[in-house]
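Shown below: final-v7.txt, with compact mmCIF, C-alpha atoms and all ligand atoms.
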# COMPACT_ATOMS: atom_id res chain seq x y z
CA MET A 1 4.35 1.35 -22.46
CA PHE A 2 5.01 0.94 -18.70
CA LYS A 3 6.37 4.47 -18.24
CA GLU A 4 3.52 5.95 -20.29
CA ALA A 5 1.02 4.05 -18.13
CA VAL A 6 2.52 5.36 -14.89
CA ASP A 7 2.64 8.92 -16.28
CA PHE A 8 -0.96 8.61 -17.43
CA ILE A 9 -2.23 7.33 -14.06
CA ARG A 10 -0.34 10.16 -12.36
CA SER A 11 -1.95 12.70 -14.69
CA VAL A 12 -5.40 11.25 -13.98
CA TYR A 13 -4.90 11.59 -10.22
CA GLY A 14 -2.89 14.82 -10.54
CA SER A 15 -0.35 13.51 -8.06
CA GLY A 16 3.37 12.85 -7.92
CA ASP A 17 3.00 11.01 -4.61
CA PHE A 18 2.18 7.37 -3.92
CA ILE A 19 -1.15 6.41 -5.50
CA ALA A 20 -3.11 3.71 -3.67
CA LEU A 21 -5.12 1.02 -5.41
CA HIS A 22 -8.26 1.97 -3.52
CA GLN A 23 -9.23 4.22 -0.63
CA PRO A 24 -12.50 5.47 0.81
CA TYR A 25 -13.78 9.02 0.39
CA PHE A 26 -15.14 10.85 3.43
CA ASP A 27 -16.21 14.41 4.11
CA ASN A 28 -18.01 16.17 6.97
CA ARG A 29 -21.11 14.05 6.58
CA GLU A 30 -19.33 10.96 7.96
CA LEU A 31 -18.16 13.02 10.96
CA GLU A 32 -21.68 14.37 11.45
CA LEU A 33 -23.50 11.06 11.50
CA THR A 34 -20.90 9.11 13.49
CA SER A 35 -20.79 11.99 16.03
CA GLU A 36 -24.57 11.92 16.27
CA CYS A 37 -24.33 8.17 16.90
CA ILE A 38 -21.65 8.57 19.57
CA LYS A 39 -23.58 11.37 21.31
CA SER A 40 -26.65 9.13 21.44
CA THR A 41 -24.50 6.46 23.24
CA PHE A 42 -26.17 3.83 21.03
CA VAL A 43 -23.00 2.77 19.23
CA SER A 44 -23.46 -0.96 19.52
CA SER A 45 -26.17 -3.52 18.95
CA VAL A 46 -29.20 -1.24 19.30
CA GLY A 47 -29.99 1.92 17.33
CA LYS A 48 -31.82 3.41 14.39
CA PHE A 49 -28.91 3.69 11.94
CA VAL A 50 -28.88 -0.07 11.34
CA SER A 51 -32.50 -0.36 10.22
CA ASP A 52 -32.30 2.95 8.29
CA PHE A 53 -29.21 1.68 6.46
CA GLU A 54 -30.88 -1.66 5.71
CA ASP A 55 -33.95 0.10 4.28
CA LYS A 56 -31.87 2.44 2.11
CA VAL A 57 -29.74 -0.35 0.63
CA ALA A 58 -32.76 -2.62 0.07
CA GLU A 59 -34.55 0.15 -1.80
CA PHE A 60 -31.50 0.96 -3.92
CA CYS A 61 -30.95 -2.71 -4.85
CA GLY A 62 -34.65 -3.25 -5.52
CA VAL A 63 -34.95 -6.12 -3.04
CA LYS A 64 -37.64 -6.65 -0.45
CA ARG A 65 -35.37 -6.72 2.59
CA ALA A 66 -31.78 -6.29 3.68
CA VAL A 67 -30.13 -7.53 6.88
CA ALA A 68 -26.90 -5.85 8.02
CA CYS A 69 -24.01 -8.01 9.22
CA VAL A 70 -20.58 -7.53 10.80
CA ASN A 71 -18.80 -8.21 7.50
CA GLY A 72 -19.31 -9.63 4.05
CA THR A 73 -17.77 -12.98 4.89
CA ASN A 74 -20.23 -13.78 7.66
CA ALA A 75 -23.09 -12.39 5.58
CA LEU A 76 -22.22 -14.99 2.93
CA HIS A 77 -21.84 -17.71 5.56
CA LEU A 78 -25.31 -16.95 6.87
CA GLY A 79 -26.74 -16.70 3.35
CA LEU A 80 -25.45 -20.20 2.60
CA LYS A 81 -26.82 -21.55 5.85
CA LEU A 82 -30.23 -20.07 5.07
CA ALA A 83 -30.09 -21.68 1.62
CA GLY A 84 -29.83 -24.97 3.50
CA VAL A 85 -26.14 -25.67 2.92
CA ALA A 86 -24.99 -28.16 5.55
CA GLU A 87 -22.25 -30.64 6.35
CA GLY A 88 -21.01 -32.68 3.40
CA ASP A 89 -22.88 -30.69 0.74
CA LYS A 90 -21.15 -29.75 -2.47
CA VAL A 91 -21.28 -26.05 -3.32
CA VAL A 92 -20.09 -24.73 -6.68
CA THR A 93 -18.19 -21.47 -6.85
CA GLN A 94 -15.53 -19.96 -9.08
CA PRO A 95 -11.75 -20.36 -8.63
CA LEU A 96 -11.23 -16.68 -9.44
CA THR A 97 -12.54 -14.99 -6.32
CA PHE A 98 -11.47 -13.60 -2.97
CA ILE A 99 -10.81 -16.28 -0.36
CA ALA A 100 -13.93 -15.31 1.64
CA THR A 101 -16.22 -16.96 -0.91
CA ALA A 102 -14.61 -20.37 -0.51
CA ASN A 103 -14.14 -19.95 3.24
CA ALA A 104 -17.83 -19.22 3.77
CA ILE A 105 -18.63 -22.56 2.11
CA LYS A 106 -16.15 -24.26 4.44
CA TYR A 107 -17.76 -22.63 7.50
CA CYS A 108 -20.88 -24.67 6.64
CA ASN A 109 -18.69 -27.80 6.62
CA ALA A 110 -19.56 -28.08 2.95
CA GLU A 111 -17.16 -28.78 0.11
CA PRO A 112 -16.29 -26.07 -2.43
CA VAL A 113 -16.33 -27.17 -6.08
CA PHE A 114 -14.68 -24.92 -8.65
CA VAL A 115 -16.21 -24.16 -12.04
CA ASP A 116 -14.45 -21.93 -14.56
CA VAL A 117 -15.24 -18.29 -15.36
CA ASP A 118 -15.91 -16.52 -18.65
CA ARG A 119 -13.07 -14.40 -19.99
CA ASP A 120 -15.25 -11.33 -20.57
CA THR A 121 -17.26 -11.22 -17.33
CA MET A 122 -14.59 -12.92 -15.15
CA GLY A 123 -17.57 -14.46 -13.34
CA MET A 124 -18.88 -18.03 -13.43
CA SER A 125 -19.43 -19.44 -16.92
CA PRO A 126 -22.99 -20.78 -17.40
CA GLU A 127 -21.79 -23.27 -20.04
CA LYS A 128 -19.07 -24.67 -17.81
CA LEU A 129 -21.50 -24.81 -14.90
CA GLU A 130 -24.02 -26.83 -16.90
CA ASP A 131 -21.24 -29.05 -18.22
CA PHE A 132 -20.08 -29.79 -14.70
CA LEU A 133 -23.58 -30.48 -13.37
CA LYS A 134 -24.38 -32.76 -16.32
CA LYS A 135 -21.32 -34.88 -15.62
CA ASN A 136 -21.25 -34.78 -11.83
CA GLY A 137 -24.87 -34.50 -10.79
CA PHE A 138 -26.41 -32.80 -7.79
CA VAL A 139 -24.87 -29.92 -5.88
CA LYS A 140 -26.60 -28.15 -3.04
CA ALA A 141 -25.85 -24.58 -4.06
CA VAL A 142 -24.08 -22.38 -6.58
CA VAL A 143 -22.22 -19.20 -5.59
CA PRO A 144 -21.15 -16.98 -8.49
CA MET A 145 -19.27 -13.76 -7.80
CA HIS A 146 -19.51 -10.50 -9.74
CA THR A 147 -15.80 -9.99 -10.16
CA PHE A 148 -14.48 -6.44 -9.59
CA GLY A 149 -18.09 -5.24 -9.96
CA HIS A 150 -18.67 -6.65 -13.46
CA PRO A 151 -21.89 -8.68 -13.45
CA CYS A 152 -21.62 -12.31 -14.55
CA ARG A 153 -24.33 -13.90 -16.76
CA ILE A 154 -26.52 -14.33 -13.75
CA SER A 155 -29.90 -14.98 -15.38
CA GLU A 156 -28.47 -17.92 -17.37
CA ILE A 157 -26.86 -19.24 -14.19
CA ARG A 158 -30.20 -18.93 -12.40
CA ASP A 159 -31.94 -20.97 -15.14
CA ILE A 160 -29.33 -23.73 -14.84
CA CYS A 161 -29.68 -23.77 -11.05
CA GLU A 162 -33.45 -24.18 -11.43
CA LYS A 163 -32.99 -26.98 -13.96
CA TYR A 164 -30.61 -28.91 -11.69
CA GLY A 165 -32.32 -28.13 -8.39
CA ALA A 166 -29.46 -26.13 -6.87
CA LYS A 167 -29.92 -23.09 -4.64
CA LEU A 168 -28.36 -19.86 -5.91
CA VAL A 169 -26.53 -17.47 -3.59
CA GLU A 170 -24.74 -14.47 -5.14
CA ASP A 171 -21.55 -13.06 -3.69
CA CYS A 172 -22.19 -9.37 -4.45
CA ALA A 173 -19.40 -8.12 -2.19
CA GLU A 174 -17.87 -6.21 -5.10
CA SER A 175 -21.00 -5.29 -7.04
CA LEU A 176 -23.04 -2.74 -5.10
CA GLY A 177 -24.28 -0.45 -7.88
CA SER A 178 -23.92 -3.06 -10.66
CA PHE A 179 -26.90 -4.11 -12.76
CA TYR A 180 -27.59 -6.97 -15.16
CA ASN A 181 -30.34 -6.42 -17.72
CA GLY A 182 -31.29 -3.34 -15.72
CA ILE A 183 -31.77 -5.26 -12.47
CA HIS A 184 -29.39 -4.91 -9.53
CA THR A 185 -27.10 -7.87 -8.86
CA GLY A 186 -28.35 -9.99 -5.97
CA ASN A 187 -31.91 -10.21 -7.28
CA TRP A 188 -31.51 -13.61 -8.91
CA SER A 189 -30.83 -15.64 -5.82
CA GLU A 190 -32.31 -16.84 -2.56
CA GLY A 191 -29.97 -14.52 -0.75
CA ALA A 192 -27.05 -12.33 -1.78
CA SER A 193 -24.24 -10.82 0.26
CA LEU A 194 -22.65 -7.36 0.12
CA SER A 195 -19.46 -6.13 1.77
CA PHE A 196 -18.71 -2.68 3.19
CA ASN A 197 -15.07 -3.37 3.95
CA GLY A 198 -12.74 -0.36 3.74
CA ASN A 199 -11.71 -1.11 0.15
CA LYS A 200 -15.21 -1.52 -1.28
CA ILE A 201 -17.20 1.12 -3.19
CA ILE A 202 -18.71 2.40 0.07
CA THR A 203 -17.54 1.40 3.53
CA THR A 204 -18.79 1.07 7.08
CA GLY A 205 -15.27 0.31 8.35
CA GLY A 206 -16.17 -3.35 8.43
CA GLY A 207 -19.59 -4.52 7.43
CA GLY A 208 -21.76 -6.61 5.19
CA MET A 209 -25.38 -7.12 4.27
CA LEU A 210 -27.69 -9.85 3.07
CA LEU A 211 -30.27 -9.08 0.38
CA PHE A 212 -33.54 -11.03 0.20
CA ASN A 213 -36.72 -11.03 -1.86
CA ASP A 214 -38.29 -13.42 0.64
CA SER A 215 -39.34 -11.70 3.89
CA LYS A 216 -39.41 -14.99 5.82
CA LEU A 217 -35.75 -15.63 5.00
CA ALA A 218 -34.91 -12.05 5.97
CA ASP A 219 -36.67 -12.47 9.32
CA ARG A 220 -34.71 -15.65 9.89
CA ALA A 221 -31.45 -13.94 8.96
CA LYS A 222 -32.16 -11.12 11.41
CA HIS A 223 -32.95 -13.66 14.12
CA LEU A 224 -29.73 -15.61 13.51
CA THR A 225 -27.54 -12.47 13.42
CA THR A 226 -28.83 -11.50 16.87
CA GLN A 227 -27.95 -14.73 18.75
CA ALA A 228 -31.38 -16.17 17.90
CA LYS A 229 -32.78 -14.22 20.83
CA ILE A 230 -36.55 -14.31 21.13
CA PRO A 231 -37.66 -10.67 21.37
CA HIS A 232 -38.83 -9.89 24.88
CA ARG A 233 -38.53 -6.82 27.10
CA TRP A 234 -36.41 -8.51 29.78
CA GLU A 235 -36.10 -12.21 29.20
CA PHE A 236 -33.03 -13.85 27.65
CA ARG A 237 -34.29 -16.84 25.76
CA HIS A 238 -32.80 -18.15 22.54
CA SER A 239 -34.55 -20.41 20.07
CA GLU A 240 -31.43 -22.04 18.58
CA CYS A 241 -27.67 -21.64 18.24
CA GLY A 242 -27.39 -18.22 16.60
CA TYR A 243 -24.54 -15.82 15.85
CA ASN A 244 -23.37 -12.40 16.89
CA TYR A 245 -23.31 -11.20 13.30
CA ARG A 246 -25.25 -7.97 13.62
CA MET A 247 -23.69 -4.73 12.36
CA PRO A 248 -23.03 -2.24 15.18
CA ASN A 249 -24.93 1.05 15.01
CA ILE A 250 -21.73 3.15 14.75
CA ASN A 251 -20.77 1.29 11.56
CA ALA A 252 -24.27 1.81 10.16
CA ALA A 253 -24.00 5.56 10.91
CA LEU A 254 -20.86 5.66 8.76
CA GLY A 255 -22.73 3.61 6.16
CA MET A 256 -25.62 6.09 6.02
CA ALA A 257 -23.20 8.93 5.27
CA GLN A 258 -21.43 6.83 2.64
CA PHE A 259 -24.66 5.67 1.06
CA GLU A 260 -25.66 9.29 0.26
CA LYS A 261 -22.53 9.49 -1.90
CA LEU A 262 -23.08 6.24 -3.80
CA PRO A 263 -24.62 7.72 -6.98
CA ALA A 264 -21.88 10.35 -7.24
CA LEU A 265 -19.15 7.76 -6.58
CA LEU A 266 -20.61 5.50 -9.29
CA ALA A 267 -20.58 8.39 -11.78
CA LYS A 268 -16.95 9.20 -10.92
CA LYS A 269 -15.91 5.55 -11.31
CA ARG A 270 -17.50 5.55 -14.75
CA GLU A 271 -15.62 8.72 -15.71
CA LEU A 272 -12.39 7.08 -14.57
CA ALA A 273 -13.23 4.00 -16.65
CA ASP A 274 -13.76 6.24 -19.70
CA LYS A 275 -10.29 7.70 -19.24
CA TYR A 276 -8.65 4.30 -18.79
CA ARG A 277 -10.50 2.87 -21.80
CA LYS A 278 -9.23 5.71 -23.99
CA PHE A 279 -5.66 5.21 -22.83
CA PHE A 280 -5.39 1.41 -22.58
CA GLY A 281 -7.68 0.56 -25.50
CA GLY A 282 -8.23 -3.17 -25.93
CA ARG A 283 -6.27 -3.98 -22.78
CA PHE A 284 -8.88 -2.31 -20.59
CA VAL A 285 -11.26 -4.72 -18.86
CA ASP A 286 -14.63 -3.29 -19.83
CA GLU A 287 -18.26 -3.66 -18.85
CA PRO A 288 -19.67 -6.98 -20.12
CA LYS A 289 -22.68 -7.26 -22.43
CA ASN A 290 -26.13 -6.56 -20.90
CA ALA A 291 -24.45 -5.16 -17.80
CA ARG A 292 -23.94 -1.87 -16.09
CA SER A 293 -20.84 -2.17 -13.89
CA ASN A 294 -19.97 -0.16 -10.83
CA PHE A 295 -16.33 -0.26 -12.06
CA TRP A 296 -15.25 -0.90 -8.46
CA LEU A 297 -11.76 -2.18 -9.32
CA GLN A 298 -10.51 -1.35 -12.78
CA ALA A 299 -8.16 -3.68 -14.58
CA VAL A 300 -5.98 -4.16 -17.63
CA LEU A 301 -4.79 -7.31 -19.38
CA LEU A 302 -1.11 -7.78 -20.18
CA ASP A 303 0.23 -10.15 -22.87
CA ASP A 304 1.32 -12.97 -20.57
CA ARG A 305 2.48 -13.74 -17.04
CA LYS A 306 6.00 -12.45 -17.66
CA GLN A 307 4.77 -9.07 -18.87
CA ARG A 308 2.22 -8.99 -16.04
CA ASP A 309 4.97 -9.41 -13.46
CA GLU A 310 7.15 -6.79 -15.13
CA PHE A 311 4.24 -4.33 -15.15
CA LEU A 312 3.50 -5.05 -11.47
CA ALA A 313 7.15 -4.47 -10.56
CA TYR A 314 7.49 -1.27 -12.61
CA THR A 315 4.29 0.36 -11.37
CA ASN A 316 4.83 -0.54 -7.71
CA ASP A 317 8.49 0.54 -7.90
CA ASN A 318 7.30 3.88 -9.20
CA GLY A 319 4.71 4.63 -6.53
CA VAL A 320 1.60 3.54 -8.42
CA MET A 321 -0.02 0.68 -6.57
CA THR A 322 -1.22 -2.20 -8.74
CA ARG A 323 -1.88 -5.84 -7.94
CA PRO A 324 -2.58 -9.10 -9.70
CA CYS A 325 -5.88 -10.89 -9.16
CA TRP A 326 -6.08 -13.52 -6.45
CA CYS A 327 -4.26 -16.86 -6.55
CA LEU A 328 -6.85 -19.28 -7.85
CA MET A 329 -8.71 -21.01 -5.00
CA ASN A 330 -7.94 -24.51 -6.33
CA GLU A 331 -4.22 -23.75 -6.07
CA LEU A 332 -4.34 -22.95 -2.36
CA GLU A 333 -3.25 -25.63 0.09
CA MET A 334 -6.63 -25.98 1.84
CA PHE A 335 -8.67 -26.19 -1.37
CA LYS A 336 -6.28 -28.06 -3.66
CA ASP A 337 -8.15 -31.35 -3.31
CA CYS A 338 -11.60 -29.88 -4.04
CA PRO A 339 -13.29 -31.12 -7.21
CA HIS A 340 -13.08 -28.89 -10.28
CA GLY A 341 -13.59 -28.92 -14.01
CA ASP A 342 -11.46 -27.27 -16.70
CA LEU A 343 -10.27 -23.91 -15.33
CA SER A 344 -8.39 -22.58 -18.33
CA ASN A 345 -10.15 -19.19 -18.47
CA ALA A 346 -9.48 -18.47 -14.81
CA LYS A 347 -5.83 -19.36 -15.38
CA TRP A 348 -5.72 -17.18 -18.50
CA ILE A 349 -7.03 -14.21 -16.49
CA GLU A 350 -4.75 -14.89 -13.53
CA ASP A 351 -1.74 -14.82 -15.86
CA ARG A 352 -2.64 -11.47 -17.41
CA LEU A 353 -4.82 -9.28 -15.21
CA VAL A 354 -3.58 -6.34 -13.18
CA ASN A 355 -5.80 -4.05 -11.12
CA ILE A 356 -4.91 -0.38 -11.39
CA PRO A 357 -5.75 2.56 -9.08
CA SER A 358 -9.53 2.81 -8.90
CA TRP A 359 -10.42 5.21 -6.11
CA VAL A 360 -12.32 8.39 -6.78
CA ARG A 361 -13.10 11.54 -4.84
CA LEU A 362 -16.01 13.92 -5.11
C1 LIG B 401 -14.68 -8.21 0.08
C2 LIG B 401 -15.19 -9.52 -0.33
C3 LIG B 401 -15.91 -10.36 0.56
C4 LIG B 401 -16.23 -10.05 1.98
O1 LIG B 401 -15.27 -9.38 2.63
P1 LIG B 401 -15.40 -8.82 4.11
O2 LIG B 401 -14.05 -8.22 4.29
O3 LIG B 401 -15.65 -9.97 5.01
O4 LIG B 401 -16.49 -7.80 4.19
C5 LIG B 401 -16.41 -11.55 0.05
N1 LIG B 401 -16.22 -11.91 -1.22
C6 LIG B 401 -15.55 -11.14 -2.09
C7 LIG B 401 -15.42 -11.59 -3.49
C8 LIG B 401 -15.00 -9.92 -1.68
O5 LIG B 401 -14.33 -9.17 -2.56

Please rewrite the model in this file as structure tokens.
Ligand SMILES: *Cc1c(COP(=O)(O)O)cnc(C)c1O
Amino acid sequence: MFKEAVDFIRSVYGSGDFIALHQPYFDNRELELTSECIKSTFVSSVGKFVSDFEDKVAEFCGVKRAVACVNGTNALHLGLKLAGVAEGDKVVTQPLTFIATANAIKYCNAEPVFVDVDRDTMGMSPEKLEDFLKKNGFVKAVVPMHTFGHPCRISEIRDICEKYGAKLVEDCAESLGSFYNGIHTGNWSEGASLSFNGNKIITTGGGGMLLFNDSKLADRAKHLTTQAKIPHRWEFRHSECGYNYRMPNINAALGMAQFEKLPALLAKKRELADKYRKFFGGRFVDEPKNARSNFWLQAVLLDDRKQRDEFLAYTNDNGVMTRPCWCLMNELEMFKDCPHGDLSNAKWIEDRLVNIPSWVRL
């Protein structure tokens, strides 16, 4: 099976060379817009590409406003701060996520709490969330993540958050272009964060964005990303301790060129998923119910940890890059003492899942 898988992936990419897990796709448009930005000299904290990029992404995601940030991690940090997360608060997230989710909670001096995921969505399980809240009481906020671009059961999670008085902040770093019940991810919460890191579905080099349906929160986010400077033609006065979290104009220029390609990239990712589904059958990690995934990172499930490790070794030895999912957050030194419930689904996935090459070109 391993050799057939490597041969199949090679045939899909039409390449005998090393095949990366993910890589961005650029053409002349990226050169055009970044050159235009450089020629204008406005490459940094002032310029039209930032607000144009924010407007485009907000419209695509169906949110009222978007605020561009330096990266997805600080976008999430700011989103949590705007949701009122502060020192000593408990914030629920999932153990199966990239480290940035848990770190952003820590940046608020809050305590991450880990609740298990569902096996099919790989995102936070509403049942396990409710179970945890019933037993343990109040938490300040809940941060589900749409793993590898597959939407979690976000509307059920939202209902539970409302019932227990917790703020909801979605980590949508991996889910630009993913919809749940026909609505783009990020629309269920107070604020949601995107990432435009080099390995995401579109990139600005480094970058992130916050999505809001509340204009007041968006205004506040903008203010805090720009050192909380009170707008004035010459005066430097700051209303509070803000951040330098604003996306530079040169990154937004790259983002504008990338954004034009998003629909075509999404279609290509779906085509790739169709091919993988046909080949891997039941092992292929597919779109969950009621969801339309962006298929950002595609994945297969092996029988157990031993077979997973053998598959990882064989594919990487043979020039096809694959990787396991992340070490669970609760098993890392700095988060090992954080409260958590039963995490058997996350463990089950960690033992079996392997991400396979997922990049596309137009
Ligand atoms: C990529 C990613 C982020 C943010 O990453 P940045 O590199 O800071 O843009 C946050 N959470 C998850 C789950 C991610 O995959």

Which residues are near ligand LIG 401 (chain B) in this structure, taking near to mean any atom at most 9 Å from a ligand atom and counting all atoms listed in the file? Format them as a short mmCIF file (atom, residue, chain, number, x, y, z; two decimals) with C-alpha atoms, keeping the file's coordinate frame.
data_model
loop_
_atom_site.label_atom_id
_atom_site.label_comp_id
_atom_site.auth_asym_id
_atom_site.auth_seq_id
_atom_site.Cartn_x
_atom_site.Cartn_y
_atom_site.Cartn_z
CA VAL A 70 -20.58 -7.53 10.80
CA ASN A 71 -18.80 -8.21 7.50
CA GLY A 72 -19.31 -9.63 4.05
CA THR A 73 -17.77 -12.98 4.89
CA ASN A 74 -20.23 -13.78 7.66
CA ALA A 75 -23.09 -12.39 5.58
CA LEU A 76 -22.22 -14.99 2.93
CA LEU A 96 -11.23 -16.68 -9.44
CA THR A 97 -12.54 -14.99 -6.32
CA PHE A 98 -11.47 -13.60 -2.97
CA ILE A 99 -10.81 -16.28 -0.36
CA ALA A 100 -13.93 -15.31 1.64
CA THR A 101 -16.22 -16.96 -0.91
CA ALA A 102 -14.61 -20.37 -0.51
CA ALA A 104 -17.83 -19.22 3.77
CA MET A 145 -19.27 -13.76 -7.80
CA HIS A 146 -19.51 -10.50 -9.74
CA THR A 147 -15.80 -9.99 -10.16
CA PHE A 148 -14.48 -6.44 -9.59
CA ASP A 171 -21.55 -13.06 -3.69
CA CYS A 172 -22.19 -9.37 -4.45
CA ALA A 173 -19.40 -8.12 -2.19
CA GLU A 174 -17.87 -6.21 -5.10
CA SER A 175 -21.00 -5.29 -7.04
CA SER A 193 -24.24 -10.82 0.26
CA LEU A 194 -22.65 -7.36 0.12
CA SER A 195 -19.46 -6.13 1.77
CA PHE A 196 -18.71 -2.68 3.19
CA ASN A 197 -15.07 -3.37 3.95
CA GLY A 198 -12.74 -0.36 3.74
CA ASN A 199 -11.71 -1.11 0.15
CA LYS A 200 -15.21 -1.52 -1.28
CA GLY A 206 -16.17 -3.35 8.43
CA GLY A 207 -19.59 -4.52 7.43
CA GLY A 208 -21.76 -6.61 5.19
CA MET A 209 -25.38 -7.12 4.27
#

Inset, instruction - Figure out the distance between atom CA of A:Thr93 and atom CA of A:Met247, please, to one decimal in Å. - result: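 Value for the atom CA of A:Met247-atom CA of A:Thr93 distance: 26.1 Å.
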
Legend entry - Residues within 7 Å of A:Val139, all atoms listed in the file, excluding chain neighbours under 5 positions, as number ranges by chain: A: 89-91, 166

Inset, instruction - Write out as a list of chain:residue names which residues come within 10 Å of A:Leu343 when counting only C-alpha atoms, dropping same-chain ones fewer than 3 positions away. - result: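 Result of the neighbour search: A:Gln94, A:Pro95, A:Leu96, A:Phe114, A:Val115, A:Asp116, A:Val117, A:Asp118, A:Lys128, A:Leu328, A:Asn330, A:His340, A:Ala346, A:Lys347, A:Trp348.
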
Store the residues picked out above in a file with C-alpha atoms, as a PDB file, in the frame of the given file.
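again.pdb, written as the output of this step:
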ATOM      1  CA  GLN A  94     -15.530 -19.960  -9.080  1.00  0.00           C
ATOM      2  CA  PRO A  95     -11.750 -20.360  -8.630  1.00  0.00           C
ATOM      3  CA  LEU A  96     -11.230 -16.680  -9.440  1.00  0.00           C
ATOM      4  CA  PHE A 114     -14.680 -24.920  -8.650  1.00  0.00           C
ATOM      5  CA  VAL A 115     -16.210 -24.160 -12.040  1.00  0.00           C
ATOM      6  CA  ASP A 116     -14.450 -21.930 -14.560  1.00  0.00           C
ATOM      7  CA  VAL A 117     -15.240 -18.290 -15.360  1.00  0.00           C
ATOM      8  CA  ASP A 118     -15.910 -16.520 -18.650  1.00  0.00           C
ATOM      9  CA  LYS A 128     -19.070 -24.670 -17.810  1.00  0.00           C
ATOM     10  CA  LEU A 328      -6.850 -19.280  -7.850  1.00  0.00           C
ATOM     11  CA  ASN A 330      -7.940 -24.510  -6.330  1.00  0.00           C
ATOM     12  CA  HIS A 340     -13.080 -28.890 -10.280  1.00  0.00           C
ATOM     13  CA  ALA A 346      -9.480 -18.470 -14.810  1.00  0.00           C
ATOM     14  CA  LYS A 347      -5.830 -19.360 -15.380  1.00  0.00           C
ATOM     15  CA  TRP A 348      -5.720 -17.180 -18.500  1.00  0.00           C
TER      16      TRP A 348
END

Legend entry - Between atom CA of A:Ala20 and atom CA of A:Val320, distance in Å (one decimal):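 For atom CA of A:Ala20 relative to atom CA of A:Val320, the distance reads 6.7 Å.
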